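Shown below: entry_18.cif, with mmCIF, C-alpha atoms and all ligand atoms.
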data_data
#
loop_
_atom_site.label_atom_id
_atom_site.label_comp_id
_atom_site.auth_asym_id
_atom_site.auth_seq_id
_atom_site.Cartn_x
_atom_site.Cartn_y
_atom_site.Cartn_z
CA MET A 1 129.36 105.59 116.77
CA PHE A 2 130.44 108.89 115.30
CA LEU A 3 133.16 107.10 113.36
CA ASN A 4 130.68 104.64 111.95
CA PHE A 5 128.44 107.45 110.85
CA ARG A 6 131.34 109.08 109.01
CA ARG A 7 132.13 105.82 107.32
CA LEU A 8 128.52 105.47 106.22
CA ARG A 9 128.55 108.97 104.78
CA ARG A 10 131.69 108.19 102.86
CA TYR A 11 130.12 104.98 101.61
CA GLN A 12 127.00 106.81 100.44
CA CYS A 13 129.12 109.43 98.78
CA MET A 14 131.03 106.71 96.92
CA GLN A 15 127.76 105.14 95.88
CA LEU A 16 126.44 108.42 94.59
CA MET A 17 129.60 109.07 92.64
CA THR A 18 129.61 105.60 91.14
CA THR A 19 125.98 105.97 90.12
CA CYS A 20 126.74 109.29 88.47
CA LEU A 21 129.67 107.78 86.65
CA VAL A 22 127.65 104.83 85.41
CA LEU A 23 124.81 107.11 84.34
CA SER A 24 127.08 109.39 82.37
CA VAL A 25 128.74 106.43 80.68
CA VAL A 26 125.31 105.07 79.79
CA MET A 27 124.29 108.46 78.45
CA VAL A 28 127.41 108.74 76.34
CA CYS A 29 126.93 105.22 75.05
CA TRP A 30 123.21 105.60 74.56
CA GLU A 31 123.51 106.45 70.93
CA GLN A 32 125.63 103.39 70.24
CA LEU A 33 123.30 101.29 72.35
CA ASP A 34 120.36 102.65 70.43
CA ASN A 35 122.06 101.82 67.16
CA GLY A 36 122.95 98.34 68.33
CA VAL A 37 120.75 96.48 70.76
CA VAL A 38 117.59 98.56 70.49
CA ASN A 39 117.87 98.65 66.71
CA HIS A 40 118.15 94.91 66.58
CA PHE A 41 115.20 94.42 68.87
CA LYS A 42 113.09 96.82 66.82
CA SER A 43 114.11 95.27 63.51
CA THR A 44 113.55 91.69 64.55
CA SER A 45 110.10 92.35 65.97
CA TYR A 46 109.34 94.47 62.91
CA ARG A 47 110.29 91.65 60.59
CA TYR A 48 108.18 89.06 62.37
CA LEU A 49 105.20 91.38 62.74
CA VAL A 50 105.25 92.73 59.21
CA ASN A 51 106.81 89.80 57.40
CA SER A 52 105.98 91.15 53.99
CA PHE A 53 107.92 93.90 52.40
CA SER A 54 106.11 94.53 49.14
CA TYR A 55 105.81 98.24 49.95
CA ILE A 56 109.61 98.48 49.92
CA ASN A 57 109.55 97.25 46.36
CA ARG A 58 106.96 99.85 45.42
CA SER A 59 108.90 102.71 46.90
CA LEU A 60 112.21 101.71 45.32
CA THR A 61 110.81 101.13 41.86
CA VAL A 62 112.12 103.62 39.32
CA PRO A 63 111.56 103.98 35.59
CA ARG A 64 113.75 101.72 33.45
CA GLU A 65 115.62 104.67 31.97
CA GLU A 66 116.56 105.74 35.50
CA ALA A 67 117.67 102.26 36.48
CA ARG A 68 119.79 101.96 33.38
CA ARG A 69 122.39 104.36 34.71
CA PHE A 70 123.42 101.69 37.24
CA SER A 71 124.27 99.21 34.51
CA ASP A 72 125.30 100.97 31.34
CA PHE A 73 129.01 101.35 32.10
CA PRO A 74 131.13 100.07 29.20
CA TYR A 75 133.22 96.91 29.59
CA LEU A 76 136.97 97.40 29.92
CA LEU A 77 137.67 93.66 29.98
CA ASP A 78 135.19 91.05 28.85
CA HIS A 79 134.95 87.46 27.65
CA PRO A 80 131.67 87.11 25.80
CA ASP A 81 132.42 83.49 24.84
CA LYS A 82 133.60 82.18 28.19
CA CYS A 83 130.51 80.00 28.62
CA ALA A 84 129.59 79.53 24.97
CA GLY A 85 128.95 76.01 23.76
CA GLN A 86 129.60 74.44 27.16
CA ASP A 87 127.36 72.78 29.68
CA VAL A 88 128.16 75.10 32.57
CA PHE A 89 127.16 73.69 35.92
CA LEU A 90 128.25 76.63 38.07
CA LEU A 91 129.37 80.12 37.19
CA LEU A 92 131.42 81.41 40.07
CA PHE A 93 131.96 85.15 40.21
CA VAL A 94 134.59 86.39 42.62
CA LYS A 95 134.34 90.05 43.60
CA SER A 96 137.89 91.28 43.46
CA ARG A 97 139.69 94.62 43.42
CA PRO A 98 142.19 95.47 40.69
CA GLU A 99 145.15 95.44 43.10
CA ASN A 100 144.36 92.00 44.61
CA VAL A 101 146.55 90.10 42.15
CA GLY A 102 147.83 87.68 44.79
CA ARG A 103 144.37 86.69 45.98
CA ARG A 104 143.28 85.91 42.44
CA ALA A 105 146.38 83.80 41.84
CA ALA A 106 145.74 81.85 45.06
CA ILE A 107 142.11 81.23 44.11
CA ARG A 108 143.05 79.98 40.62
CA ALA A 109 145.46 77.54 42.24
CA THR A 110 142.99 76.26 44.85
CA TRP A 111 139.21 76.28 45.03
CA GLY A 112 138.82 78.15 41.74
CA ASN A 113 140.99 75.82 39.67
CA GLU A 114 138.68 75.08 36.72
CA SER A 115 140.70 72.20 35.34
CA TYR A 116 141.03 70.51 38.73
CA ILE A 117 137.27 70.72 39.25
CA GLN A 118 136.62 69.40 35.75
CA SER A 119 138.87 66.40 36.19
CA ALA A 120 138.17 65.60 39.84
CA LEU A 121 134.45 66.32 39.98
CA GLY A 122 133.39 65.89 36.36
CA VAL A 123 131.46 69.15 36.05
CA THR A 124 132.20 72.42 34.28
CA VAL A 125 132.67 75.30 36.67
CA LYS A 126 133.58 78.70 35.23
CA VAL A 127 135.41 81.10 37.47
CA ALA A 128 135.52 84.81 36.67
CA PHE A 129 136.62 87.84 38.64
CA ALA A 130 134.36 90.89 38.79
CA LEU A 131 136.25 94.17 38.83
CA GLY A 132 135.64 97.87 38.65
CA ALA A 133 138.13 100.40 37.32
CA THR A 134 141.18 101.75 39.08
CA GLU A 135 141.50 105.39 39.94
CA ALA A 136 144.82 105.74 38.14
CA PRO A 137 144.95 106.94 34.54
CA ARG A 138 144.09 104.24 32.00
CA ARG A 139 146.84 105.00 29.52
CA GLY A 140 150.53 104.13 29.78
CA ARG A 141 152.37 100.85 29.43
CA SER A 142 153.08 100.28 33.10
CA GLY A 143 149.87 101.53 34.68
CA PRO A 144 147.59 99.32 36.77
CA GLN A 145 145.11 98.89 33.92
CA GLU A 146 147.86 97.62 31.64
CA ARG A 147 148.95 95.14 34.31
CA LEU A 148 145.36 93.93 34.61
CA ALA A 149 145.14 93.49 30.86
CA ALA A 150 148.35 91.43 30.93
CA GLU A 151 146.97 89.25 33.75
CA ASP A 152 143.81 88.81 31.74
CA ARG A 153 145.69 87.79 28.59
CA LEU A 154 147.32 85.05 30.65
CA HIS A 155 144.19 83.73 32.36
CA GLY A 156 141.21 85.08 30.41
CA ASP A 157 139.03 85.43 33.47
CA LEU A 158 138.66 89.13 34.32
CA ILE A 159 135.35 90.89 33.77
CA GLN A 160 135.66 94.61 34.31
CA LYS A 161 133.45 97.62 33.78
CA ASP A 162 134.25 101.28 33.82
CA PHE A 163 133.00 102.35 37.27
CA LEU A 164 135.30 103.11 40.16
CA ASP A 165 136.06 99.97 42.16
CA SER A 166 135.10 101.02 45.67
CA PHE A 167 133.15 99.71 48.62
CA HIS A 168 130.27 102.04 47.91
CA ASN A 169 130.06 100.78 44.32
CA LEU A 170 129.58 97.12 45.23
CA THR A 171 125.97 97.19 44.12
CA LEU A 172 127.14 98.30 40.66
CA LYS A 173 129.42 95.26 40.70
CA LEU A 174 126.54 92.95 41.57
CA ILE A 175 124.45 94.44 38.76
CA MET A 176 127.36 93.92 36.37
CA GLN A 177 127.45 90.24 37.36
CA LEU A 178 123.70 89.81 36.92
CA HIS A 179 123.90 91.39 33.48
CA TRP A 180 126.88 89.29 32.49
CA VAL A 181 125.11 86.10 33.55
CA HIS A 182 121.98 87.10 31.68
CA HIS A 183 123.73 88.03 28.45
CA ARG A 184 126.69 85.67 28.37
CA CYS A 185 126.00 82.62 30.52
CA ARG A 186 122.26 82.25 30.90
CA HIS A 187 122.42 78.48 30.57
CA ALA A 188 124.55 78.04 33.70
CA ARG A 189 122.64 75.85 36.18
CA PHE A 190 123.89 77.78 39.19
CA PHE A 191 125.47 81.10 39.85
CA MET A 192 127.61 82.01 42.85
CA THR A 193 129.04 85.32 43.94
CA ALA A 194 131.82 85.43 46.51
CA ASP A 195 134.43 87.67 48.10
CA ASP A 196 138.07 87.18 47.20
CA ASP A 197 139.02 86.48 50.82
CA ILE A 198 136.87 83.44 51.32
CA PHE A 199 137.48 79.76 51.01
CA VAL A 200 134.94 77.76 49.06
CA HIS A 201 134.95 74.01 49.50
CA THR A 202 134.19 73.43 45.83
CA PRO A 203 133.86 69.61 46.05
CA ASN A 204 131.33 69.84 48.91
CA LEU A 205 129.47 72.64 47.15
CA VAL A 206 129.27 70.83 43.81
CA GLY A 207 128.07 67.69 45.60
CA TYR A 208 125.37 69.64 47.40
CA LEU A 209 124.18 71.36 44.22
CA GLN A 210 124.06 68.09 42.29
CA GLU A 211 121.91 66.66 45.02
CA ALA A 212 119.67 69.75 44.95
CA ARG A 213 119.20 69.30 41.20
CA ARG A 214 118.30 65.66 41.65
CA ARG A 215 115.65 66.72 44.14
CA GLY A 216 114.47 69.18 41.50
CA ALA A 217 114.73 72.28 43.67
CA ALA A 218 113.93 75.27 41.48
CA ASP A 219 114.36 78.79 42.83
CA LEU A 220 117.32 77.81 44.94
CA TRP A 221 119.02 80.58 46.89
CA ILE A 222 121.31 79.48 49.71
CA GLY A 223 123.87 81.02 52.00
CA ARG A 224 124.04 82.43 55.49
CA VAL A 225 120.68 84.12 55.88
CA TYR A 226 120.20 87.36 57.78
CA LYS A 227 116.62 87.72 58.95
CA GLY A 228 115.31 91.08 60.01
CA ALA A 229 118.70 92.75 59.93
CA PRO A 230 118.46 96.45 60.82
CA PRO A 231 119.98 99.19 58.68
CA ILE A 232 122.98 100.68 60.49
CA ARG A 233 122.27 104.31 61.34
CA SER A 234 125.60 105.12 62.96
CA ARG A 235 127.74 107.30 60.73
CA ASP A 236 130.92 105.67 62.00
CA SER A 237 130.02 102.35 60.46
CA LYS A 238 131.16 101.12 57.10
CA TYR A 239 127.60 99.92 56.56
CA PHE A 240 125.95 103.22 57.46
CA VAL A 241 122.75 103.78 55.51
CA PRO A 242 120.99 107.15 55.86
CA TRP A 243 117.29 107.24 56.58
CA GLU A 244 116.55 108.95 53.26
CA MET A 245 118.06 106.00 51.43
CA TYR A 246 116.16 103.31 53.31
CA GLN A 247 113.23 104.23 55.50
CA TRP A 248 112.33 101.04 57.33
CA TYR A 249 113.49 99.24 60.46
CA ALA A 250 114.61 96.06 58.77
CA TYR A 251 115.89 94.75 55.48
CA PRO A 252 114.11 91.91 53.74
CA ASP A 253 115.87 88.57 54.36
CA TYR A 254 119.12 88.25 52.49
CA THR A 255 122.26 86.14 52.36
CA ALA A 256 125.68 87.32 53.48
CA GLY A 257 127.65 88.72 50.56
CA ALA A 258 130.74 86.71 51.52
CA GLY A 259 129.36 83.93 49.34
CA TYR A 260 125.95 82.67 48.26
CA VAL A 261 124.55 80.51 45.47
CA VAL A 262 121.42 80.89 43.37
CA SER A 263 119.97 78.75 40.63
CA GLY A 264 119.95 80.03 37.06
CA GLU A 265 116.23 80.85 37.36
CA VAL A 266 116.77 82.96 40.47
CA ALA A 267 119.68 84.80 38.84
CA ASP A 268 117.44 85.62 35.91
CA LYS A 269 114.59 86.84 38.12
CA ALA A 270 117.00 89.00 40.12
CA TYR A 271 118.35 90.41 36.86
CA HIS A 272 114.86 91.42 35.74
CA ALA A 273 114.08 92.96 39.12
CA SER A 274 117.29 94.98 39.00
CA LEU A 275 116.10 96.65 35.80
CA THR A 276 113.44 98.61 37.68
CA LEU A 277 114.96 99.21 41.12
CA ASN A 278 116.82 102.17 42.51
CA ALA A 279 120.28 100.71 43.11
CA SER A 280 121.57 103.63 45.16
CA LEU A 281 121.63 101.38 48.21
CA TYR A 282 125.28 100.45 48.10
CA ILE A 283 125.28 97.32 50.24
CA ASP A 284 125.27 94.68 47.54
CA ASP A 285 123.95 91.70 49.49
CA VAL A 286 121.07 93.80 50.80
CA PHE A 287 120.35 94.91 47.25
CA MET A 288 120.16 91.26 46.22
CA GLY A 289 117.60 90.86 49.00
CA LEU A 290 115.61 93.78 47.58
CA CYS A 291 115.67 92.25 44.08
CA ALA A 292 114.54 88.90 45.43
CA ASN A 293 111.86 90.58 47.50
CA ALA A 294 110.57 92.24 44.34
CA VAL A 295 110.01 88.86 42.70
CA GLY A 296 108.73 87.12 45.81
CA LEU A 297 111.77 84.95 46.58
CA SER A 298 113.26 84.21 49.97
CA PRO A 299 116.61 82.63 50.83
CA GLN A 300 117.33 79.33 52.50
CA ASP A 301 119.83 79.15 55.31
CA HIS A 302 122.64 76.64 55.13
CA ALA A 303 124.51 76.10 58.38
CA PHE A 304 127.89 75.58 56.72
CA PHE A 305 128.00 78.86 54.84
CA SER A 306 129.87 81.44 56.87
CA GLY A 307 128.88 85.06 57.08
CA ASP A 308 131.86 86.44 58.89
CA GLY A 309 134.71 84.58 60.43
CA ARG A 310 136.79 81.53 59.75
CA THR A 311 135.92 77.96 60.25
CA PRO A 312 137.78 76.10 62.99
CA TYR A 313 140.56 74.06 61.42
CA HIS A 314 139.44 70.49 61.86
CA ARG A 315 138.81 67.56 59.55
CA CYS A 316 135.44 66.89 61.17
CA VAL A 317 134.38 70.34 59.98
CA TYR A 318 136.02 70.17 56.52
CA GLU A 319 133.86 67.22 55.73
CA ARG A 320 130.75 69.44 55.78
CA MET A 321 131.93 73.01 55.22
CA MET A 322 130.84 75.11 52.24
CA THR A 323 132.47 78.49 52.76
CA SER A 324 134.66 80.18 55.32
CA HIS A 325 135.46 83.87 55.41
CA GLY A 326 138.79 85.63 55.99
CA HIS A 327 141.37 83.44 54.28
CA VAL A 328 144.24 84.97 52.38
CA GLU A 329 147.62 83.62 53.51
CA ASP A 330 146.34 80.21 54.56
CA LEU A 331 144.30 79.44 51.45
CA GLN A 332 146.74 76.86 50.07
CA GLU A 333 147.08 74.97 53.34
CA LEU A 334 143.37 74.97 53.96
CA TRP A 335 142.68 73.71 50.44
CA ALA A 336 145.25 70.95 50.82
CA ALA A 337 143.92 69.96 54.24
CA ALA A 338 140.23 70.17 53.36
CA THR A 339 140.49 68.15 50.14
CA HIS A 340 142.84 65.52 51.53
CA PRO A 341 141.45 61.99 50.96
CA GLN A 342 141.89 61.30 54.67
CA VAL A 343 139.15 63.81 55.52
CA ARG A 344 136.34 61.64 54.15
CA ARG A 345 137.65 58.69 56.07
CA ALA A 346 137.81 60.64 59.34
CA ALA A 347 134.07 60.45 59.86
CA SER A 348 133.35 56.96 58.59
CA GLY A 349 132.22 54.11 60.77
CA PRO A 350 130.10 54.50 63.91
CA LEU A 351 133.07 55.45 66.04
CA GLY A 352 134.32 58.04 63.56
CA ARG A 353 130.86 59.58 63.26
CA LEU A 354 130.48 59.78 67.03
CA TYR A 355 133.92 61.32 67.38
CA CYS A 356 133.20 63.93 64.71
CA ALA A 357 129.81 64.79 66.17
CA ALA A 358 131.46 65.43 69.54
CA VAL A 359 134.21 67.52 67.97
CA ARG A 360 131.67 69.61 66.06
CA VAL A 361 129.65 70.30 69.19
CA ALA A 362 132.82 71.38 70.99
CA LEU A 363 133.95 73.62 68.12
CA LEU A 364 130.69 75.10 66.90
CA CYS A 365 128.52 75.49 70.00
CA ARG A 366 130.22 78.56 71.39
CA PRO A 367 129.35 82.19 70.92
CA SER A 368 132.27 83.10 68.67
CA ALA A 369 131.88 80.21 66.23
CA THR A 370 131.58 80.81 62.48
CA TYR A 371 128.80 78.32 61.97
CA PRO A 372 125.70 78.14 64.17
CA CYS A 373 125.49 75.45 66.84
CA LYS A 374 122.80 73.66 64.83
CA ALA A 375 125.50 72.90 62.25
CA ALA A 376 127.01 70.46 64.73
CA PHE A 377 123.86 68.33 64.62
CA SER A 378 123.09 68.47 60.91
C1 LIG A 401 144.94 73.11 38.61
O1 LIG A 401 144.73 71.74 38.67
C2 LIG A 401 145.41 71.03 37.65
C3 LIG A 401 144.89 69.61 37.65
O2 LIG A 401 144.76 69.11 38.94
C4 LIG A 401 146.92 71.15 37.90
O3 LIG A 401 147.64 70.44 36.93
C5 LIG A 401 147.27 72.64 37.83
O4 LIG A 401 148.61 72.84 38.17
C6 LIG A 401 146.40 73.45 38.78
N1 LIG A 401 146.59 74.87 38.51
C7 LIG A 401 147.20 75.69 39.36
C8 LIG A 401 147.30 77.12 38.95
O5 LIG A 401 147.65 75.31 40.42
C1 LIG A 402 131.10 104.78 41.67
O1 LIG A 402 131.53 104.80 40.33
C2 LIG A 402 131.22 105.99 39.63
C3 LIG A 402 131.62 105.80 38.17
O2 LIG A 402 133.00 105.56 38.09
C4 LIG A 402 131.94 107.17 40.28
O3 LIG A 402 131.59 108.35 39.64
C5 LIG A 402 131.52 107.24 41.73
O4 LIG A 402 132.25 108.24 42.40
C6 LIG A 402 131.75 105.93 42.43
N1 LIG A 402 131.15 106.02 43.74
C7 LIG A 402 131.84 105.76 44.85
C8 LIG A 402 131.10 105.97 46.11
O5 LIG A 402 132.99 105.37 44.85
C1 LIG A 403 117.30 106.69 44.39
O1 LIG A 403 117.71 106.76 45.75
C2 LIG A 403 118.55 107.85 46.04
C3 LIG A 403 119.04 107.70 47.47
O2 LIG A 403 117.99 107.56 48.36
C4 LIG A 403 117.81 109.15 45.81
O3 LIG A 403 118.65 110.25 46.09
C5 LIG A 403 117.35 109.20 44.36
O4 LIG A 403 116.58 110.35 44.12
C6 LIG A 403 116.54 107.96 44.00
N1 LIG A 403 116.27 107.97 42.58
C7 LIG A 403 115.05 107.96 42.07
C8 LIG A 403 114.93 108.03 40.58
O5 LIG A 403 114.07 107.91 42.78
C1 LIG A 404 107.47 94.81 42.77
O1 LIG A 404 107.30 95.88 41.84
C2 LIG A 404 107.17 95.46 40.50
C3 LIG A 404 107.12 96.68 39.61
O2 LIG A 404 106.34 97.68 40.16
C4 LIG A 404 105.94 94.57 40.36
O3 LIG A 404 105.83 94.10 39.03
C5 LIG A 404 106.06 93.38 41.30
O4 LIG A 404 104.91 92.59 41.25
C6 LIG A 404 106.29 93.84 42.72
N1 LIG A 404 106.56 92.69 43.55
C7 LIG A 404 105.94 92.43 44.71
C8 LIG A 404 106.37 91.22 45.46
O5 LIG A 404 105.06 93.15 45.16
#
Re-express the file's structure as structure tokens.
Amino acid sequence: MFLNFRRLRRYQCMQLMTTCLVLSVVMVCWEQLDNGVVNHFKSTSYRYLVNSFSYINRSLTVPREEARRFSDFPYLLDHPDKCAGQDVFLLLFVKSRPENVGRRAAIRATWGNESYIQSALGVTVKVAFALGATEAPRRGRSGPQERLAAEDRLHGDLIQKDFLDSFHNLTLKLIMQLHWVHHRCRHARFFMTADDDIFVHTPNLVGYLQEARRRGAADLWIGRVYKGAPPIRSRDSKYFVPWEMYQWYAYPDYTAGAGYVVSGEVADKAYHASLTLNASLYIDDVFMGLCANAVGLSPQDHAFFSGDGRTPYHRCVYERMMTSHGHVEDLQELWAAATHPQVRRAASGPLGRLYCAAVRVALLCRPSATYPCKAAFS
């Protein structure tokens, strides 16, 4: 009896200690929790309750002279005639950093190979790389800027302005692209902006866009859509945005910056919106959302555009995929595999279609998948 009582006391003591431990862990984590789960809950309900963000537009509007300082950096490398006199179907801007020479070479040899696209798909796609300036001194024969100029003489596809190429200057890079499109390639039917570590299935994309044009879709803006995404208020995050910079619980809907496509009309509207907005908010895809919000546009979600993460390697997925994020070393293999003639045949016939549908469900309907589960059924 006495022994049992002792055991009970010990048990209670353990319980108490465990509770204390859990509570202190929760308290320590509360800030993170608040920035994560609670933030998301707040932002999502906020978006669906408010569902109109015109006041954001009002508060971020600045005089044109003020806005000009985000765009009036001089060009260091430019190709004013890249689009001239050609029927450009798609202008594809790849956001790259000066030092990413290898990534640019891989893209030129795979999904960004203009001459391959022209001959295999019969449309003109122009690929250009958007760059900021390096930190190193500009002068000197062996400096990074000189190496860039040499690369550009060889390929003629670098567009560079004189602002520091950094993560927090990505919005300046987006504005540079919008200005370049407006002034140098306004007749392009579509405009895409993409990271230099993604894979774009150019044949699938061109096919999709041709179909969209046939249907006469104006104001097209597609990608992986984020709805009611909350600003990150944790200082440890790369995406930290202080309250003074953005004072609401959610961003307007926007597409993941990894890669999205807009029609020429949308690019032009976004350009005009950018002329009167405060572009201090350095997250470029969110800024695109703010520009679109200012002209009353909203994005369309496409299940086979990836936000983060790579596609599963499988021919039943290649057949539909548009973009996949996080490819550097495997770009060549993926390009070869995804564009192999066998891929189209994989899903033909009733048996092939059934097989591929089953494979897609197995690959895409799990929590860590790149594409949403609904992609398996589309
Ligand atoms: C691009 O494609 C063309 C035609 O298919 C090919 O001849 C050329 O070698 C490719 N370019 C690169 C850099 O691989
Ligand atoms: C952005 O570029 C400007 C112009 O080069 C530079 O002064 C500024 O420090 C850069 N900002 C960041 C956060 O890198
Ligand atoms: C633009 O936003 C930044 C950051 O919130 C702010 O410091 C700046 O004063 C704003 N500019 C104008 C002209 O309102
Ligand atoms: C956003 O602001 C601009 C300039 O103040 C205005 O012309 C435009 O109509 C506004 N857009 C919306 C959707 O309220």
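CA of Gly216 (chain A) lies 24.3 Å from CA of Ala194 (chain A).
Residues in contact with region 105-110 of chain A at up to 8 Å, not including ones fewer than 4 positions away on its chain and judged by all atoms listed in the file, are Val101, Glu114, Asp196, Leu331, Gln332 and Trp335 of chain A.
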Discussion item. Using only C-alpha atoms and all ligand atoms, which residues have at least one atom no more than 9 Å from ligand LIG 404 (chain A)? Output them as a list in words.
Written reply: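 Using only C-alpha atoms and all ligand atoms, I find these residues within 9 Å of ligand LIG 404 (chain A): Ser52, Phe53, Ser54, Tyr55, Ile56, Asn57, Arg58, Ser59, Leu60, Thr61, Val62, Ala273, Thr276, Leu277, Cys291, Ala292, Asn293, Ala294, Val295, Gly296 and Leu297 of chain A.
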Practice prompt. Have a look at A:Tyr251, A:Tyr46, A:Phe199, A:Tyr116 and name the one nearest to ligand LIG 401 (chain A); count only C-alpha atoms and all ligand atoms.
Written response: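 Among the listed residues, the smallest separation from ligand LIG 401 (chain A) belongs to A:Tyr116.
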Discussion item. What does the structure give for the distance between CA of Val225 (chain A) and CA of Arg97 (chain A), in Å to one decimal?
Written reply: 25.0 Å
Listing only residues of region 144-206 of chain A within 6 Å of region 304-322 of chain A, what is the closest atom pair and its distance in Å (to one decimal) for each, using only C-alpha atoms, sorted by chain and residue number ascending, as JSON lines?
{"residue": "A:Val200", "atom": "CA", "partner": "A:Met322", "partner_atom": "CA", "distance": 5.8}
{"residue": "A:His201", "atom": "CA", "partner": "A:Met322", "partner_atom": "CA", "distance": 5.1}
{"residue": "A:Leu205", "atom": "CA", "partner": "A:Met322", "partner_atom": "CA", "distance": 5.8}
Go ahead and write the residues just picked, C-alpha atoms, as a PDB file, in the frame of the given file.
ATOM      1  CA  VAL A 200     134.940  77.760  49.060  1.00  0.00           C
ATOM      2  CA  HIS A 201     134.950  74.010  49.500  1.00  0.00           C
ATOM      3  CA  LEU A 205     129.470  72.640  47.150  1.00  0.00           C
TER       4      LEU A 205
END
Using only C-alpha atoms and all ligand atoms, tabulate the residues of chain A lying at most 9 Å from any atom of ligand LIG 402 (chain A), each with its closest atom pair and that distance in Å to one decimal, by chain and increasing residue number, as a tab-separated table.
residue	atom	partner	partner_atom	distance
A:Phe73	CA	A:LIG402	C3	8.0
A:Gly132	CA	A:LIG402	O2	8.1
A:Ala133	CA	A:LIG402	O2	7.3
A:Glu135	CA	A:LIG402	O2	8.7
A:Asp162	CA	A:LIG402	O2	6.2
A:Phe163	CA	A:LIG402	O2	3.3
A:Leu164	CA	A:LIG402	O2	3.9
A:Asp165	CA	A:LIG402	O5	6.8
A:Ser166	CA	A:LIG402	O5	4.9
A:Phe167	CA	A:LIG402	O5	6.8
A:His168	CA	A:LIG402	C8	4.4
A:Asn169	CA	A:LIG402	C1	4.9
A:Leu170	CA	A:LIG402	C1	8.6
A:Leu172	CA	A:LIG402	C1	7.7
A:Tyr282	CA	A:LIG402	C8	8.3
Could you take the residues named above and write them with C-alpha atoms, as a JSON list (two decimals), keeping the file's coordinate frame?
[["chain", "number", "residue", "atom", "x", "y", "z"],
["A", 73, "PHE", "CA", 129.01, 101.35, 32.10],
["A", 132, "GLY", "CA", 135.64, 97.87, 38.65],
["A", 133, "ALA", "CA", 138.13, 100.40, 37.32],
["A", 135, "GLU", "CA", 141.50, 105.39, 39.94],
["A", 162, "ASP", "CA", 134.25, 101.28, 33.82],
["A", 163, "PHE", "CA", 133.00, 102.35, 37.27],
["A", 164, "LEU", "CA", 135.30, 103.11, 40.16],
["A", 165, "ASP", "CA", 136.06, 99.97, 42.16],
["A", 166, "SER", "CA", 135.10, 101.02, 45.67],
["A", 167, "PHE", "CA", 133.15, 99.71, 48.62],
["A", 168, "HIS", "CA", 130.27, 102.04, 47.91],
["A", 169, "ASN", "CA", 130.06, 100.78, 44.32],
["A", 170, "LEU", "CA", 129.58, 97.12, 45.23],
["A", 172, "LEU", "CA", 127.14, 98.30, 40.66],
["A", 282, "TYR", "CA", 125.28, 100.45, 48.10]]
Discussion item. List the spatial neighbours of His182 (chain A) as number ranges by chain - criterion: any atom at most 9 Å away, only C-alpha atoms, same-chain residues fewer than 6 positions off excluded.
Written reply: A: 267-268, 271
With C-alpha atoms retained, could you export that selection as a compact mmCIF listing (two decimals), in the coordinates of the input?
# COMPACT_ATOMS: atom_id res chain seq x y z
CA ALA A 267 119.68 84.80 38.84
CA ASP A 268 117.44 85.62 35.91
CA TYR A 271 118.35 90.41 36.86
Close residues to ligand LIG 403 (chain A) using all atoms listed in the file, limit 6 Å, as a PDB file with C-alpha atoms, in the frame of the given file:
ATOM      1  CA  VAL A  62     112.120 103.620  39.320  1.00  0.00           C
ATOM      2  CA  GLU A  66     116.560 105.740  35.500  1.00  0.00           C
ATOM      3  CA  GLU A 244     116.550 108.950  53.260  1.00  0.00           C
ATOM      4  CA  MET A 245     118.060 106.000  51.430  1.00  0.00           C
ATOM      5  CA  ASN A 278     116.820 102.170  42.510  1.00  0.00           C
ATOM      6  CA  SER A 280     121.570 103.630  45.160  1.00  0.00           C
TER       7      SER A 280
END
Fill in: For CA of Lys82 (chain A) and CA of Asp157 (chain A), the interatomic separation in Å (one decimal)
8.2 Å
Item to complete: List the neighbours of Val359 (chain A) out to 9 Å using only C-alpha atoms; skip same-chain residues closer than 3 positions along the sequence, and give me the result as a ChimeraX atom specification.
Response: /A:314,316-317,354-356,362-364,376
Item to complete: Kindly indicate which residue among A:Asn100, A:Ser378, A:Asn113, A:Thr124 lies nearest to ligand LIG 401 (chain A), using all atoms listed in the file for the distances.
Response: A:Asn113
Discussion item. (134.5, 69.7, 45.8) in this file's frame - what residues fall within 9 Å of it? Use all atoms listed in the file and give the answer as a ChimeraX atom specification.
Written reply: /A:111,117,120-121,200-207,339
Practice prompt. Do a neighbour search on Leu91 (chain A) at 9 Å with only C-alpha atoms, toss out local chain neighbours closer than 6 positions, and write the hits as a ChimeraX atom specification.
Written response: /A:83,124-128,181,185,188-193
Discussion item. Considering only C-alpha atoms, can you say which of A:Gly259, A:Gly156, A:Gly289, A:Pro242 comes closest to Val94 (chain A)?
Written reply: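 Comparing A:Gly259, A:Gly156, A:Gly289, A:Pro242 against Val94 (chain A), the winner is A:Gly259.
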If the box runs along x, y and z of the file and leaves 4 Å on each side of region 80-89 of chain A, what are its centre and edge lengths in Å, one decimal, as lines of an AutoDock Vina configuration file?
center_x = 130.4
center_y = 79.9
center_z = 29.8
size_x = 14.4
size_y = 22.3
size_z = 20.2
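Using all atoms listed in the file for every distance, the candidate list A:His302, A:Ala338, A:His155, A:Ala250 yields A:His155 as the residue closest to ligand LIG 401 (chain A).
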Item to complete: Have a look at A:Gln86, A:Thr370, A:Thr171, A:Ser115 and name the one nearest to ligand LIG 401 (chain A); count all atoms listed in the file.
Response: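 Smallest separation from ligand LIG 401 (chain A) among the options: A:Ser115.
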